[in-house]
Structures are given as structure tokens and as C-alpha cells.
Amino acid sequence: MVPNDAPITNALSFDIEDWFHMVEIDAVADSSQWPNLPSLVERYTEWIIETVTNANVQATFFVLGWVAERYPKLVKLMVDHGHEVATHSYWHRKVYELTPDDFHDDLRRSIAVIEDAGGKPVRGFRAPSFSITPGSEWAFDVLHDVGLEYDASLFPAPRGHGGYPCPMEAHAFTKAPSGRPLPELPMSVMRIGTLRIPFSGGGYLRLLPGGLIRHGFNQLNRAGIPVVVYLHPRDFAADCPRVPMPLKRRFKCYVGLAGTKDKLRMLLDRYQFDTCAAVLGLNETPPDTYATETAR
Ligand SMILES: [Zn+2]
């Protein structure tokens, strides 16, 4: 056991979807074919739950409604082991391509199936591909309307399907058309010179060497900022089916799969983690109080 570099509690999260839910890959775009494809979500999610639970850590699982409906026992397993279950939408469609009504319906359906499976209220949301971008602030009013208490979708650096200019740390998001504030836990980026570099999730975490990941943790934790880790079951799946895609995307999708288990174990050994709701302080403080206190 290595001592913690700083006594900050970071957020550990997993986006629970199958390998064929990757966005904008033509070979898996037809959702009517999803039930016929080989699945890896159950096997790798069970490994994640076991690994995190054995480390005495509670994590947040942003579950796709489509997955919760087909594998309700997975959701129950998360809840039974004390983890937080949140929503990653039902169909994994990018928010900025939806109408507010379609987003509302998708989100309601996802919450219903996840709550049915887990028996606990869903409080948080993460957008597929971090797809709340400038112009789709209306999504925050939909989150309010369906009764959610926080968002973890904003990515404070440019990226393929997302990116939103916002503070790097947890804050109250106040740009919804109605002006209602909602607690926001954005993805983590470290500063290198003038750049904001993601390091703590998905392809970034798989690609970067351990030393650079620890540098990011230390930089943020020393500034008092919790790091948000996000991984998918497919990030651990060296046997993930390969489908045709552009070379650059293929590299990002498949690089470093074999080493992700060790990286997760390294993080669990070295740093403190809890759920997104806990890191936002929502388990102790009513959300309205939180939003008011942290508005800046
Ligand atoms: Zn996703």
C-alpha cells in the first residue's frame, strides 16, 4: 500500500455500456442489430464490481438503460455492494443531436428501468460521449424536470463529440434557460503549459503512462480538486471485437486495453475514491444548499 499523495477523495465512475455502443461507428450503428452481437458488458462489469468492492471503495456506475433492461442483475449487484447507480441515457444518443422532448423521453425511460432493477433512486447523469456542448444548455432543464440532482457530463477541453468551456472543478451550472442551478462534476484535465490535457479516463487513461497519470492526480489534488476517473467495461477487454473504423479512431478505441486492469489497481492502491454524489457533497447536504454555497 503506497501512502496517498494528498488526502483528497476523488470520484471513481464507470459508464456501463457494451462495446457496440461506441458512437459514430457505422458497423454498429443499427440498434436493431445490437441483440445479435456478442456481448462483453456482463463479464467485465462483474469484474469491475468485484475489484472495486474488494478495495473497499464505492463507485458510481452510469448505466445505459438498454443494458439495465437486459441485465437487471448487474444493477442489483452494484446496489447490493453499496455502489451508486446513475444513468447514462437509454439509447446512448448524443444529447446535442436530440430535441429536448426526445432527450426527456430517453432519460425517463432509462431512469425507470435502472430504478426497477436496482430499487434505489437515480440521482445523476452522464451524457454519452460527454455530448452536452455549447448550445445544448437546455439539457440541464430536462435533468431538473426528470428529478435528477447532478450532472457529470461536461468536458472542459476540446474533444471529438463534446467539450464545454467551464471550470475544471465541481461547480453549480447556472446556464440552463430557466436559470435553475445544478451541481456539476466535470471531467478532469491537467494543465501542461497552456493546454488542458485529459488523463483520467477512457482512451486517455489507457494511452498515458502511469507516471503522467499520477502527475495529473498530484497536480489536481494539491490544488484541492478531486479527480474524476471514468472507464467502460470495454476499456478492460483485450478480447473486444474489432470492427472497421478510421485508423485514428481505431488507435484510440483499442490502445492499451491489456494494461487497464493494472492501472485501475494502481489507482485504487494509491488514491482515495468515493461516488460522484459523495464527492459533490450530496450525501450530506441538500442539493439546493450545495448549489447556493458553491455558486461563483
Ligand atoms: Zn458512453
# chains A, B, ... in the order shown; residues from 1 in each chain; ligands from 1
>>> residues_near_ligand(ligand="ligand 1", cutoff="9 Å", atoms="only C-alpha atoms and all ligand atoms", output="PyMOL selection string")
chain A and resi 15-18+21-23+62-64+88-89+92-93+126-130+232
>>> write_last_selection(atoms="C-alpha atoms", output="PDB file, in the first residue's frame")
ATOM      1  CA  ASP A  15     -20.000   4.141 -17.901  1.00  0.00           C
ATOM      2  CA  ILE A  16     -21.729   0.788 -18.251  1.00  0.00           C
ATOM      3  CA  GLU A  17     -22.372   0.068 -21.907  1.00  0.00           C
ATOM      4  CA  ASP A  18     -21.321  -2.634 -24.356  1.00  0.00           C
ATOM      5  CA  HIS A  21     -22.446   1.354 -28.109  1.00  0.00           C
ATOM      6  CA  MET A  22     -19.463   3.361 -29.363  1.00  0.00           C
ATOM      7  CA  VAL A  23     -20.812   6.398 -31.227  1.00  0.00           C
ATOM      8  CA  PHE A  62     -23.595   5.390 -15.040  1.00  0.00           C
ATOM      9  CA  VAL A  63     -25.642   2.585 -16.576  1.00  0.00           C
ATOM     10  CA  LEU A  64     -27.116   2.667 -20.052  1.00  0.00           C
ATOM     11  CA  HIS A  88     -26.008   7.171 -18.973  1.00  0.00           C
ATOM     12  CA  SER A  89     -29.271   7.616 -21.014  1.00  0.00           C
ATOM     13  CA  HIS A  92     -26.571   6.285 -25.962  1.00  0.00           C
ATOM     14  CA  ARG A  93     -27.501   9.075 -28.353  1.00  0.00           C
ATOM     15  CA  ARG A 126     -23.534  11.454 -17.622  1.00  0.00           C
ATOM     16  CA  ALA A 127     -24.132  12.210 -21.296  1.00  0.00           C
ATOM     17  CA  PRO A 128     -22.995   9.705 -23.928  1.00  0.00           C
ATOM     18  CA  SER A 129     -19.639  10.928 -25.259  1.00  0.00           C
ATOM     19  CA  PHE A 130     -19.864  13.982 -22.935  1.00  0.00           C
ATOM     20  CA  HIS A 232     -16.022   1.464 -19.551  1.00  0.00           C
TER      21      HIS A 232
END
>>> closest_residue(among="A:Asn283, A:Arg180, A:Leu143, A:Ala172", to="Glu84 (chain A)", atoms="only C-alpha atoms")
A:Asn283
>>> residues_around(residues="Thr9 (chain A)", least_positions_apart="4", cutoff="7 Å", atoms="only C-alpha atoms", output="mmCIF file with C-alpha atoms, in the first residue's frame")
data_model
loop_
_atom_site.group_PDB
_atom_site.id
_atom_site.type_symbol
_atom_site.label_atom_id
_atom_site.label_comp_id
_atom_site.auth_asym_id
_atom_site.auth_seq_id
_atom_site.Cartn_x
_atom_site.Cartn_y
_atom_site.Cartn_z
ATOM 1 C CA PRO A 226 -10.831 15.793 -6.793
ATOM 2 C CA GLN A 272 -8.875 7.699 -2.124
ATOM 3 C CA PHE A 273 -12.128 7.346 -4.053
ATOM 4 C CA ASP A 274 -15.851 7.621 -3.485
ATOM 5 C CA VAL A 279 -17.599 13.917 -3.941
#
>>> select_by_dssp(residues="region 32-262 of chain A", states="alpha helix (DSSP H)", output="mmCIF file with N, CA and C atoms, in the first residue's frame")
data_model
loop_
_atom_site.group_PDB
_atom_site.id
_atom_site.type_symbol
_atom_site.label_atom_id
_atom_site.label_comp_id
_atom_site.auth_asym_id
_atom_site.auth_seq_id
_atom_site.Cartn_x
_atom_site.Cartn_y
_atom_site.Cartn_z
ATOM 1 N N VAL A 41 -20.428 -6.843 -21.794
ATOM 2 C CA VAL A 41 -20.718 -5.922 -20.688
ATOM 3 C C VAL A 41 -20.886 -6.651 -19.356
ATOM 4 N N GLU A 42 -21.493 -7.841 -19.385
ATOM 5 C CA GLU A 42 -21.784 -8.538 -18.133
ATOM 6 C C GLU A 42 -20.488 -9.012 -17.458
ATOM 7 N N ARG A 43 -19.661 -9.683 -18.239
ATOM 8 C CA ARG A 43 -18.433 -10.263 -17.713
ATOM 9 C C ARG A 43 -17.511 -9.196 -17.128
ATOM 10 N N TYR A 44 -17.294 -8.120 -17.882
ATOM 11 C CA TYR A 44 -16.337 -7.115 -17.422
ATOM 12 C C TYR A 44 -16.918 -6.225 -16.325
ATOM 13 N N THR A 45 -18.228 -6.021 -16.337
ATOM 14 C CA THR A 45 -18.823 -5.224 -15.254
ATOM 15 C C THR A 45 -18.749 -6.001 -13.943
ATOM 16 N N GLU A 46 -18.963 -7.311 -14.012
ATOM 17 C CA GLU A 46 -18.825 -8.118 -12.786
ATOM 18 C C GLU A 46 -17.397 -8.033 -12.238
ATOM 19 N N TRP A 47 -16.418 -8.046 -13.138
ATOM 20 C CA TRP A 47 -15.021 -7.917 -12.696
ATOM 21 C C TRP A 47 -14.793 -6.549 -12.033
ATOM 22 N N ILE A 48 -15.339 -5.504 -12.639
ATOM 23 C CA ILE A 48 -15.184 -4.147 -12.083
ATOM 24 C C ILE A 48 -15.803 -4.074 -10.686
ATOM 25 N N ILE A 49 -17.034 -4.577 -10.556
ATOM 26 C CA ILE A 49 -17.719 -4.510 -9.253
ATOM 27 C C ILE A 49 -16.898 -5.246 -8.192
ATOM 28 N N GLU A 50 -16.407 -6.430 -8.556
ATOM 29 C CA GLU A 50 -15.642 -7.236 -7.606
ATOM 30 C C GLU A 50 -14.341 -6.518 -7.210
ATOM 31 N N THR A 51 -13.642 -5.978 -8.208
ATOM 32 C CA THR A 51 -12.353 -5.325 -7.946
ATOM 33 C C THR A 51 -12.517 -4.090 -7.061
ATOM 34 N N VAL A 52 -13.496 -3.276 -7.387
ATOM 35 C CA VAL A 52 -13.705 -2.036 -6.639
ATOM 36 C C VAL A 52 -14.205 -2.348 -5.233
ATOM 37 N N THR A 53 -15.112 -3.307 -5.135
ATOM 38 C CA THR A 53 -15.645 -3.677 -3.816
ATOM 39 C C THR A 53 -14.546 -4.246 -2.934
ATOM 40 N N ASN A 54 -13.687 -5.093 -3.502
ATOM 41 C CA ASN A 54 -12.589 -5.678 -2.730
ATOM 42 C C ASN A 54 -11.616 -4.615 -2.224
ATOM 43 N N GLY A 65 -29.569 2.611 -20.043
ATOM 44 C CA GLY A 65 -30.865 1.965 -19.823
ATOM 45 C C GLY A 65 -31.009 0.684 -20.627
ATOM 46 N N TRP A 66 -30.504 0.688 -21.851
ATOM 47 C CA TRP A 66 -30.568 -0.506 -22.717
ATOM 48 C C TRP A 66 -29.888 -1.689 -22.035
ATOM 49 N N VAL A 67 -28.807 -1.438 -21.337
ATOM 50 C CA VAL A 67 -28.089 -2.505 -20.629
ATOM 51 C C VAL A 67 -28.858 -2.917 -19.370
ATOM 52 N N ALA A 68 -29.362 -1.932 -18.620
ATOM 53 C CA ALA A 68 -30.083 -2.241 -17.372
ATOM 54 C C ALA A 68 -31.301 -3.113 -17.652
ATOM 55 N N GLU A 69 -31.962 -2.859 -18.787
ATOM 56 C CA GLU A 69 -33.157 -3.628 -19.125
ATOM 57 C C GLU A 69 -32.808 -5.091 -19.413
ATOM 58 N N ARG A 70 -31.658 -5.319 -19.997
ATOM 59 C CA ARG A 70 -31.266 -6.685 -20.365
ATOM 60 C C ARG A 70 -30.484 -7.404 -19.271
ATOM 61 N N PRO A 72 -30.626 -6.770 -15.567
ATOM 62 C CA PRO A 72 -31.022 -6.124 -14.301
ATOM 63 C C PRO A 72 -30.224 -6.638 -13.098
ATOM 64 N N LYS A 73 -29.747 -7.890 -13.189
ATOM 65 C CA LYS A 73 -28.980 -8.418 -12.047
ATOM 66 C C LYS A 73 -27.670 -7.662 -11.848
ATOM 67 N N LEU A 74 -27.099 -7.136 -12.924
ATOM 68 C CA LEU A 74 -25.878 -6.331 -12.799
ATOM 69 C C LEU A 74 -26.150 -5.091 -11.955
ATOM 70 N N VAL A 75 -27.274 -4.448 -12.219
ATOM 71 C CA VAL A 75 -27.623 -3.222 -11.481
ATOM 72 C C VAL A 75 -27.864 -3.556 -10.009
ATOM 73 N N LYS A 76 -28.550 -4.662 -9.772
ATOM 74 C CA LYS A 76 -28.810 -5.086 -8.391
ATOM 75 C C LYS A 76 -27.496 -5.386 -7.668
ATOM 76 N N LEU A 77 -26.560 -5.997 -8.387
ATOM 77 C CA LEU A 77 -25.253 -6.322 -7.804
ATOM 78 C C LEU A 77 -24.529 -5.037 -7.363
ATOM 79 N N MET A 78 -24.598 -3.999 -8.196
ATOM 80 C CA MET A 78 -23.977 -2.715 -7.833
ATOM 81 C C MET A 78 -24.595 -2.171 -6.546
ATOM 82 N N VAL A 79 -25.925 -2.149 -6.514
ATOM 83 C CA VAL A 79 -26.626 -1.595 -5.349
ATOM 84 C C VAL A 79 -26.332 -2.428 -4.105
ATOM 85 N N ASP A 80 -26.368 -3.754 -4.258
ATOM 86 C CA ASP A 80 -26.141 -4.635 -3.099
ATOM 87 C C ASP A 80 -24.745 -4.459 -2.510
ATOM 88 N N PRO A 100 -35.224 18.581 -27.001
ATOM 89 C CA PRO A 100 -35.476 18.456 -25.559
ATOM 90 C C PRO A 100 -36.516 17.370 -25.256
ATOM 91 N N ASP A 101 -37.567 17.261 -26.075
ATOM 92 C CA ASP A 101 -38.596 16.230 -25.824
ATOM 93 C C ASP A 101 -38.023 14.820 -25.962
ATOM 94 N N ASP A 102 -37.217 14.596 -27.002
ATOM 95 C CA ASP A 102 -36.631 13.265 -27.191
ATOM 96 C C ASP A 102 -35.660 12.929 -26.056
ATOM 97 N N PHE A 103 -34.884 13.921 -25.630
ATOM 98 C CA PHE A 103 -33.959 13.703 -24.517
ATOM 99 C C PHE A 103 -34.734 13.368 -23.240
ATOM 100 N N HIS A 104 -35.819 14.111 -23.019
ATOM 101 C CA HIS A 104 -36.669 13.886 -21.852
ATOM 102 C C HIS A 104 -37.195 12.442 -21.846
ATOM 103 N N ASP A 105 -37.727 11.990 -22.988
ATOM 104 C CA ASP A 105 -38.303 10.634 -23.060
ATOM 105 C C ASP A 105 -37.234 9.563 -22.855
ATOM 106 N N ASP A 106 -36.089 9.765 -23.488
ATOM 107 C CA ASP A 106 -34.982 8.802 -23.364
ATOM 108 C C ASP A 106 -34.524 8.691 -21.909
ATOM 109 N N LEU A 107 -34.395 9.865 -21.277
ATOM 110 C CA LEU A 107 -33.904 9.894 -19.900
ATOM 111 C C LEU A 107 -34.909 9.259 -18.942
ATOM 112 N N ARG A 108 -36.197 9.589 -19.128
ATOM 113 C CA ARG A 108 -37.243 8.997 -18.267
ATOM 114 C C ARG A 108 -37.225 7.476 -18.374
ATOM 115 N N ARG A 109 -37.106 6.988 -19.613
ATOM 116 C CA ARG A 109 -37.107 5.535 -19.814
ATOM 117 C C ARG A 109 -35.895 4.891 -19.132
ATOM 118 N N SER A 110 -34.747 5.533 -19.253
ATOM 119 C CA SER A 110 -33.539 4.965 -18.631
ATOM 120 C C SER A 110 -33.680 4.936 -17.117
ATOM 121 N N ILE A 111 -34.188 6.018 -16.536
ATOM 122 C CA ILE A 111 -34.329 6.084 -15.079
ATOM 123 C C ILE A 111 -35.299 5.006 -14.598
ATOM 124 N N ALA A 112 -36.389 4.804 -15.347
ATOM 125 C CA ALA A 112 -37.396 3.807 -14.940
ATOM 126 C C ALA A 112 -36.793 2.401 -14.898
ATOM 127 N N VAL A 113 -36.044 2.027 -15.940
ATOM 128 C CA VAL A 113 -35.519 0.654 -15.956
ATOM 129 C C VAL A 113 -34.394 0.475 -14.932
ATOM 130 N N ILE A 114 -33.589 1.513 -14.731
ATOM 131 C CA ILE A 114 -32.485 1.397 -13.764
ATOM 132 C C ILE A 114 -33.046 1.329 -12.334
ATOM 133 N N GLU A 115 -34.050 2.157 -12.045
ATOM 134 C CA GLU A 115 -34.639 2.126 -10.694
ATOM 135 C C GLU A 115 -35.393 0.822 -10.465
ATOM 136 N N ASP A 116 -36.040 0.299 -11.492
ATOM 137 C CA ASP A 116 -36.709 -1.005 -11.384
ATOM 138 C C ASP A 116 -35.707 -2.094 -11.026
ATOM 139 N N ALA A 117 -34.555 -2.045 -11.685
ATOM 140 C CA ALA A 117 -33.554 -3.093 -11.498
ATOM 141 C C ALA A 117 -32.840 -2.965 -10.156
ATOM 142 N N GLY A 118 -32.538 -1.741 -9.745
ATOM 143 C CA GLY A 118 -31.714 -1.541 -8.553
ATOM 144 C C GLY A 118 -32.498 -1.256 -7.292
ATOM 145 N N TRP A 138 -30.031 23.628 -22.602
ATOM 146 C CA TRP A 138 -31.415 23.219 -22.300
ATOM 147 C C TRP A 138 -31.457 21.846 -21.633
ATOM 148 N N ALA A 139 -30.424 21.044 -21.896
ATOM 149 C CA ALA A 139 -30.403 19.698 -21.316
ATOM 150 C C ALA A 139 -30.474 19.757 -19.785
ATOM 151 N N PHE A 140 -29.903 20.820 -19.199
ATOM 152 C CA PHE A 140 -29.922 20.917 -17.736
ATOM 153 C C PHE A 140 -31.340 21.125 -17.212
ATOM 154 N N ASP A 141 -32.177 21.809 -17.983
ATOM 155 C CA ASP A 141 -33.576 21.936 -17.547
ATOM 156 C C ASP A 141 -34.285 20.585 -17.619
ATOM 157 N N VAL A 142 -33.935 19.765 -18.613
ATOM 158 C CA VAL A 142 -34.528 18.428 -18.688
ATOM 159 C C VAL A 142 -34.075 17.602 -17.477
ATOM 160 N N LEU A 143 -32.806 17.718 -17.105
ATOM 161 C CA LEU A 143 -32.314 16.986 -15.927
ATOM 162 C C LEU A 143 -33.115 17.385 -14.683
ATOM 163 N N HIS A 144 -33.368 18.698 -14.529
ATOM 164 C CA HIS A 144 -34.216 19.150 -13.419
ATOM 165 C C HIS A 144 -35.610 18.540 -13.527
ATOM 166 N N ASP A 145 -36.185 18.587 -14.731
ATOM 167 C CA ASP A 145 -37.581 18.176 -14.917
ATOM 168 C C ASP A 145 -37.800 16.698 -14.590
ATOM 169 N N GLY A 202 -11.093 6.592 -19.933
ATOM 170 C CA GLY A 202 -11.213 6.057 -21.285
ATOM 171 C C GLY A 202 -9.879 5.888 -21.987
ATOM 172 N N GLY A 203 -9.820 6.288 -23.249
ATOM 173 C CA GLY A 203 -8.618 6.140 -24.057
ATOM 174 C C GLY A 203 -7.438 6.927 -23.512
ATOM 175 N N TYR A 204 -7.711 8.056 -22.850
ATOM 176 C CA TYR A 204 -6.616 8.856 -22.300
ATOM 177 C C TYR A 204 -5.888 8.064 -21.207
ATOM 178 N N LEU A 205 -6.663 7.462 -20.320
ATOM 179 C CA LEU A 205 -6.057 6.704 -19.218
ATOM 180 C C LEU A 205 -5.347 5.466 -19.752
ATOM 181 N N ARG A 206 -5.928 4.860 -20.802
ATOM 182 C CA ARG A 206 -5.282 3.672 -21.376
ATOM 183 C C ARG A 206 -3.971 4.035 -22.057
ATOM 184 N N LEU A 207 -3.966 5.186 -22.732
ATOM 185 C CA LEU A 207 -2.819 5.586 -23.546
ATOM 186 C C LEU A 207 -1.651 6.115 -22.710
ATOM 187 N N GLY A 210 1.709 5.495 -16.561
ATOM 188 C CA GLY A 210 1.294 5.675 -15.169
ATOM 189 C C GLY A 210 1.855 6.936 -14.531
ATOM 190 N N GLY A 211 3.120 7.264 -14.853
ATOM 191 C CA GLY A 211 3.747 8.438 -14.246
ATOM 192 C C GLY A 211 3.023 9.724 -14.595
ATOM 193 N N LEU A 212 2.543 9.826 -15.821
ATOM 194 C CA LEU A 212 1.845 11.043 -16.245
ATOM 195 C C LEU A 212 0.445 11.108 -15.612
ATOM 196 N N ILE A 213 -0.173 9.940 -15.449
ATOM 197 C CA ILE A 213 -1.484 9.903 -14.780
ATOM 198 C C ILE A 213 -1.323 10.361 -13.322
ATOM 199 N N ARG A 214 -0.289 9.861 -12.667
ATOM 200 C CA ARG A 214 -0.047 10.274 -11.275
ATOM 201 C C ARG A 214 0.274 11.769 -11.206
ATOM 202 N N HIS A 215 0.992 12.278 -12.197
ATOM 203 C CA HIS A 215 1.275 13.721 -12.246
ATOM 204 C C HIS A 215 -0.031 14.512 -12.282
ATOM 205 N N GLY A 216 -0.978 14.046 -13.080
ATOM 206 C CA GLY A 216 -2.282 14.714 -13.151
ATOM 207 C C GLY A 216 -3.008 14.667 -11.817
ATOM 208 N N PHE A 217 -3.005 13.487 -11.192
ATOM 209 C CA PHE A 217 -3.631 13.366 -9.870
ATOM 210 C C PHE A 217 -3.000 14.336 -8.880
ATOM 211 N N ASN A 218 -1.665 14.355 -8.864
ATOM 212 C CA ASN A 218 -0.980 15.200 -7.886
ATOM 213 C C ASN A 218 -1.265 16.674 -8.148
ATOM 214 N N GLN A 219 -1.259 17.055 -9.433
ATOM 215 C CA GLN A 219 -1.499 18.463 -9.753
ATOM 216 C C GLN A 219 -2.871 18.905 -9.253
ATOM 217 N N LEU A 220 -3.897 18.101 -9.535
ATOM 218 C CA LEU A 220 -5.251 18.497 -9.133
ATOM 219 C C LEU A 220 -5.441 18.377 -7.627
ATOM 220 N N ASN A 221 -4.999 17.250 -7.055
ATOM 221 C CA ASN A 221 -5.216 17.044 -5.617
ATOM 222 C C ASN A 221 -4.493 18.107 -4.793
ATOM 223 N N ARG A 222 -3.308 18.515 -5.220
ATOM 224 C CA ARG A 222 -2.595 19.563 -4.475
ATOM 225 C C ARG A 222 -3.330 20.891 -4.543
ATOM 226 N N LEU A 247 -8.493 4.824 -38.949
ATOM 227 C CA LEU A 247 -7.270 4.432 -38.245
ATOM 228 C C LEU A 247 -7.096 5.165 -36.920
ATOM 229 N N LYS A 248 -7.308 6.490 -36.926
ATOM 230 C CA LYS A 248 -7.096 7.294 -35.713
ATOM 231 C C LYS A 248 -8.061 6.836 -34.607
ATOM 232 N N ARG A 249 -9.297 6.591 -35.003
ATOM 233 C CA ARG A 249 -10.311 6.145 -34.040
ATOM 234 C C ARG A 249 -9.972 4.745 -33.531
ATOM 235 N N ARG A 250 -9.490 3.901 -34.425
ATOM 236 C CA ARG A 250 -9.158 2.535 -34.026
ATOM 237 C C ARG A 250 -8.064 2.544 -32.964
ATOM 238 N N PHE A 251 -7.058 3.416 -33.166
ATOM 239 C CA PHE A 251 -5.983 3.527 -32.191
ATOM 240 C C PHE A 251 -6.555 3.920 -30.829
ATOM 241 N N LYS A 252 -7.437 4.938 -30.827
ATOM 242 C CA LYS A 252 -7.989 5.433 -29.570
ATOM 243 C C LYS A 252 -8.885 4.390 -28.902
ATOM 244 N N CYS A 253 -9.586 3.600 -29.714
ATOM 245 C CA CYS A 253 -10.502 2.602 -29.151
ATOM 246 C C CYS A 253 -9.768 1.406 -28.570
ATOM 247 N N TYR A 254 -8.637 1.053 -29.143
ATOM 248 C CA TYR A 254 -8.047 -0.235 -28.797
ATOM 249 C C TYR A 254 -6.677 -0.157 -28.127
ATOM 250 N N THR A 260 -5.179 -1.905 -18.667
ATOM 251 C CA THR A 260 -6.127 -1.080 -17.899
ATOM 252 C C THR A 260 -6.412 -1.656 -16.518
ATOM 253 N N LYS A 261 -6.449 -2.996 -16.416
ATOM 254 C CA LYS A 261 -6.697 -3.591 -15.094
ATOM 255 C C LYS A 261 -5.615 -3.163 -14.114
ATOM 256 N N ASP A 262 -4.344 -3.219 -14.557
ATOM 257 C CA ASP A 262 -3.246 -2.822 -13.669
ATOM 258 C C ASP A 262 -3.334 -1.337 -13.314
#
>>> residues_around(residues="region 151-158 of chain A", least_positions_apart="6", cutoff="8 Å", atoms="only C-alpha atoms", output="compact mmCIF listing (two decimals) with C-alpha atoms, in the first residue's frame")
# COMPACT_ATOMS: atom_id res chain seq x y z
CA GLY A 124 -27.01 11.60 -11.50
CA PHE A 125 -26.48 11.69 -15.26
CA ARG A 126 -23.53 11.45 -17.62
CA ALA A 127 -24.13 12.21 -21.30
CA PHE A 130 -19.86 13.98 -22.93
CA SER A 131 -22.21 15.43 -25.56
CA ILE A 132 -23.55 18.47 -23.69
CA THR A 133 -21.89 21.21 -25.72
CA LEU A 143 -32.31 16.99 -15.93
CA TYR A 164 -17.66 22.66 -22.81
CA PRO A 165 -15.81 25.73 -21.51
CA CYS A 166 -16.39 25.55 -17.76
CA PRO A 167 -14.42 25.50 -14.50
CA MET A 168 -12.21 22.44 -14.01
CA LEU A 182 -27.50 22.11 -10.87
CA PRO A 183 -24.36 20.62 -9.27
CA GLU A 184 -21.85 19.74 -11.99
CA LEU A 185 -18.89 17.38 -11.70
CA PRO A 186 -16.84 17.95 -14.86
CA MET A 187 -14.23 15.56 -16.24
CA SER A 188 -10.68 16.15 -15.08
CA VAL A 189 -7.98 17.82 -17.13
CA ARG A 196 -5.75 21.30 -20.78
CA ILE A 197 -4.99 17.59 -21.11
CA PRO A 198 -7.45 14.81 -20.13
